[in-house]
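Undergrad: Supplied in structure tokens, the structure appears directly below.
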Amino acid sequence: MIRVIDARHIKDFIVWVHFNDGTKGEVDLADELYGPVFEPLRDPEYFLSFEVHPEAHTLTWPNGADFAPEFLHHKAAVAA
């Protein structure tokens with residue numbers, strides 16, 4: 001099971017993500033911020049409010065937005 005264990009903001013809508021299988025990489029989420037739950041994340045200040053959820057093991061935002069860890073893992077692996 002893929003889990004996010006650490007994440008840091010790089011710039012704009014790019015987040016560096018570290019996974020439990022050792023994969024690390026930058027994930028650009030700029031093209032993924034559409035739809036009602038993700039639109040608030042287009043605000044750069046709000047985007048910065050993400051955290052690694054301790055139970056869901058992925059990036060989450062206060063409004064309930066999140067991305068599946070498998071999706072983030074795939075994007076990180078492709079970008080590497």
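How things are named: the first chain in the structure tokens is A, the next is B, and so on; residues count from 1 in each chain; ligands count from 1 in the order shown.
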Pick out the residues sitting within 10 Å of range 25-39 of chain A, and hand them over as a PyMOL selection string; count only C-alpha atoms, and ignore anything fewer than 5 positions along from it in its own chain.

TA: chain A and resi 7-19+47+61+63-67+71-80

Undergrad: Could you please take those selected residues and save N, CA, C and O atoms as a compact mmCIF listing (two decimals), in the first residue's frame?

TA:
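And here is the file that came out, out.txt:
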```txt
# COMPACT_ATOMS: atom_id res chain seq x y z
N ALA A 7 6.10 15.59 2.86
CA ALA A 7 5.85 16.46 1.71
C ALA A 7 6.27 17.88 2.06
O ALA A 7 6.16 18.31 3.20
N ARG A 8 6.76 18.57 1.03
CA ARG A 8 7.20 19.97 1.20
C ARG A 8 6.82 20.76 -0.04
O ARG A 8 6.95 20.26 -1.16
N HIS A 9 6.40 21.98 0.19
CA HIS A 9 6.10 22.87 -0.93
C HIS A 9 7.40 23.29 -1.60
O HIS A 9 8.36 23.67 -0.93
N ILE A 10 7.45 23.25 -2.92
CA ILE A 10 8.62 23.68 -3.68
C ILE A 10 8.39 25.09 -4.22
O ILE A 10 9.10 26.02 -3.88
N LYS A 11 7.40 25.24 -5.08
CA LYS A 11 7.00 26.54 -5.62
C LYS A 11 5.68 26.37 -6.34
O LYS A 11 5.29 25.26 -6.71
N ASP A 12 5.00 27.47 -6.55
CA ASP A 12 3.72 27.46 -7.26
C ASP A 12 2.84 26.32 -6.75
O ASP A 12 2.50 26.31 -5.57
N PHE A 13 2.50 25.37 -7.61
CA PHE A 13 1.66 24.24 -7.22
C PHE A 13 2.45 22.94 -7.27
O PHE A 13 1.90 21.86 -7.53
N ILE A 14 3.74 23.04 -6.99
CA ILE A 14 4.63 21.88 -7.01
C ILE A 14 4.98 21.48 -5.58
O ILE A 14 5.39 22.33 -4.76
N VAL A 15 4.82 20.20 -5.31
CA VAL A 15 5.09 19.65 -3.98
C VAL A 15 6.09 18.50 -4.14
O VAL A 15 5.95 17.66 -5.03
N TRP A 16 7.12 18.50 -3.31
CA TRP A 16 8.03 17.35 -3.23
C TRP A 16 7.39 16.35 -2.28
O TRP A 16 6.94 16.71 -1.19
N VAL A 17 7.31 15.09 -2.72
CA VAL A 17 6.62 14.07 -1.93
C VAL A 17 7.56 12.87 -1.75
O VAL A 17 8.26 12.46 -2.66
N HIS A 18 7.53 12.30 -0.54
CA HIS A 18 8.32 11.11 -0.19
C HIS A 18 7.32 10.02 0.20
O HIS A 18 6.43 10.25 1.03
N PHE A 19 7.51 8.83 -0.39
CA PHE A 19 6.59 7.72 -0.17
C PHE A 19 7.25 6.61 0.64
O PHE A 19 8.47 6.50 0.70
N PHE A 47 -3.30 26.87 -1.12
CA PHE A 47 -2.58 25.67 -1.52
C PHE A 47 -1.54 25.29 -0.48
O PHE A 47 -1.33 24.11 -0.20
N TRP A 61 -6.16 19.02 2.42
CA TRP A 61 -6.36 20.44 2.68
C TRP A 61 -7.54 20.60 3.62
O TRP A 61 -8.38 19.70 3.74
N ASN A 63 -10.34 22.03 3.42
CA ASN A 63 -11.69 21.90 2.86
C ASN A 63 -12.05 20.45 2.51
O ASN A 63 -13.11 20.20 1.96
N GLY A 64 -11.15 19.51 2.80
CA GLY A 64 -11.42 18.10 2.52
C GLY A 64 -10.82 17.61 1.21
O GLY A 64 -10.91 16.43 0.90
N ALA A 65 -10.22 18.50 0.44
CA ALA A 65 -9.58 18.08 -0.82
C ALA A 65 -8.40 17.18 -0.50
O ALA A 65 -7.68 17.38 0.48
N ASP A 66 -8.22 16.16 -1.34
CA ASP A 66 -7.05 15.29 -1.22
C ASP A 66 -6.81 14.61 -2.55
O ASP A 66 -7.64 14.66 -3.44
N PHE A 67 -5.65 14.03 -2.69
CA PHE A 67 -5.30 13.24 -3.87
C PHE A 67 -4.92 11.86 -3.39
O PHE A 67 -4.23 11.72 -2.38
N PHE A 71 -2.04 8.11 -7.01
CA PHE A 71 -2.00 9.14 -8.07
C PHE A 71 -0.74 9.98 -7.92
O PHE A 71 -0.03 10.23 -8.90
N LEU A 72 -0.47 10.44 -6.70
CA LEU A 72 0.72 11.24 -6.44
C LEU A 72 1.99 10.45 -6.74
O LEU A 72 2.95 10.97 -7.32
N HIS A 73 1.99 9.18 -6.37
CA HIS A 73 3.14 8.31 -6.60
C HIS A 73 3.42 8.19 -8.10
O HIS A 73 4.56 8.29 -8.55
N HIS A 74 2.37 7.97 -8.87
CA HIS A 74 2.52 7.85 -10.32
C HIS A 74 3.10 9.14 -10.91
O HIS A 74 4.03 9.10 -11.72
N LYS A 75 2.56 10.28 -10.50
CA LYS A 75 3.06 11.57 -11.02
C LYS A 75 4.52 11.79 -10.62
O LYS A 75 5.30 12.31 -11.41
N ALA A 76 4.88 11.41 -9.42
CA ALA A 76 6.27 11.57 -8.96
C ALA A 76 7.19 10.66 -9.75
O ALA A 76 8.30 11.06 -10.13
N ALA A 77 6.78 9.44 -10.01
CA ALA A 77 7.59 8.47 -10.73
C ALA A 77 7.78 8.89 -12.19
O ALA A 77 8.86 8.77 -12.75
N VAL A 78 6.73 9.42 -12.81
CA VAL A 78 6.80 9.85 -14.20
C VAL A 78 7.71 11.07 -14.33
O VAL A 78 8.46 11.19 -15.29
N ALA A 79 7.66 11.95 -13.34
CA ALA A 79 8.48 13.18 -13.38
C ALA A 79 9.95 12.90 -13.13
O ALA A 79 10.81 13.70 -13.48
N ALA A 80 10.26 11.78 -12.50
CA ALA A 80 11.66 11.48 -12.11
C ALA A 80 12.54 11.17 -13.29
O ALA A 80 12.22 10.87 -14.34
```

Undergrad: Would you return as a list in words the members of chain A that DSSP assigns to strand (DSSP E) on this structure's backbone?

TA: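 Reading the DSSP output for chain A, strand (DSSP E) covers Val4, Ile5, Asp6, Ala7, Arg8, His9, Ile10, Lys11, Ile14, Val15, Trp16, Val17, His18, Phe19, Lys24, Gly25, Glu26, Val27, Asp28, Glu51, Val52, Leu59 and Thr60 of chain A.
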
Undergrad: Taking into account only C-alpha atoms, which residue in the set A:Pro69, A:Leu59, A:Pro54, A:Pro44 is nearest to Asp21 in chain A?

TA: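 Answer, going by the shortest atom-to-atom distance: A:Pro69.
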
Undergrad: Excluding His57 in chain A and its own-chain neighbours fewer than 6 positions away, which residues fall within 10 Å of it when counting only C-alpha atoms? Please give them as a PyMOL selection string.

TA: chain A and resi 2-6+19-20+51+68-69
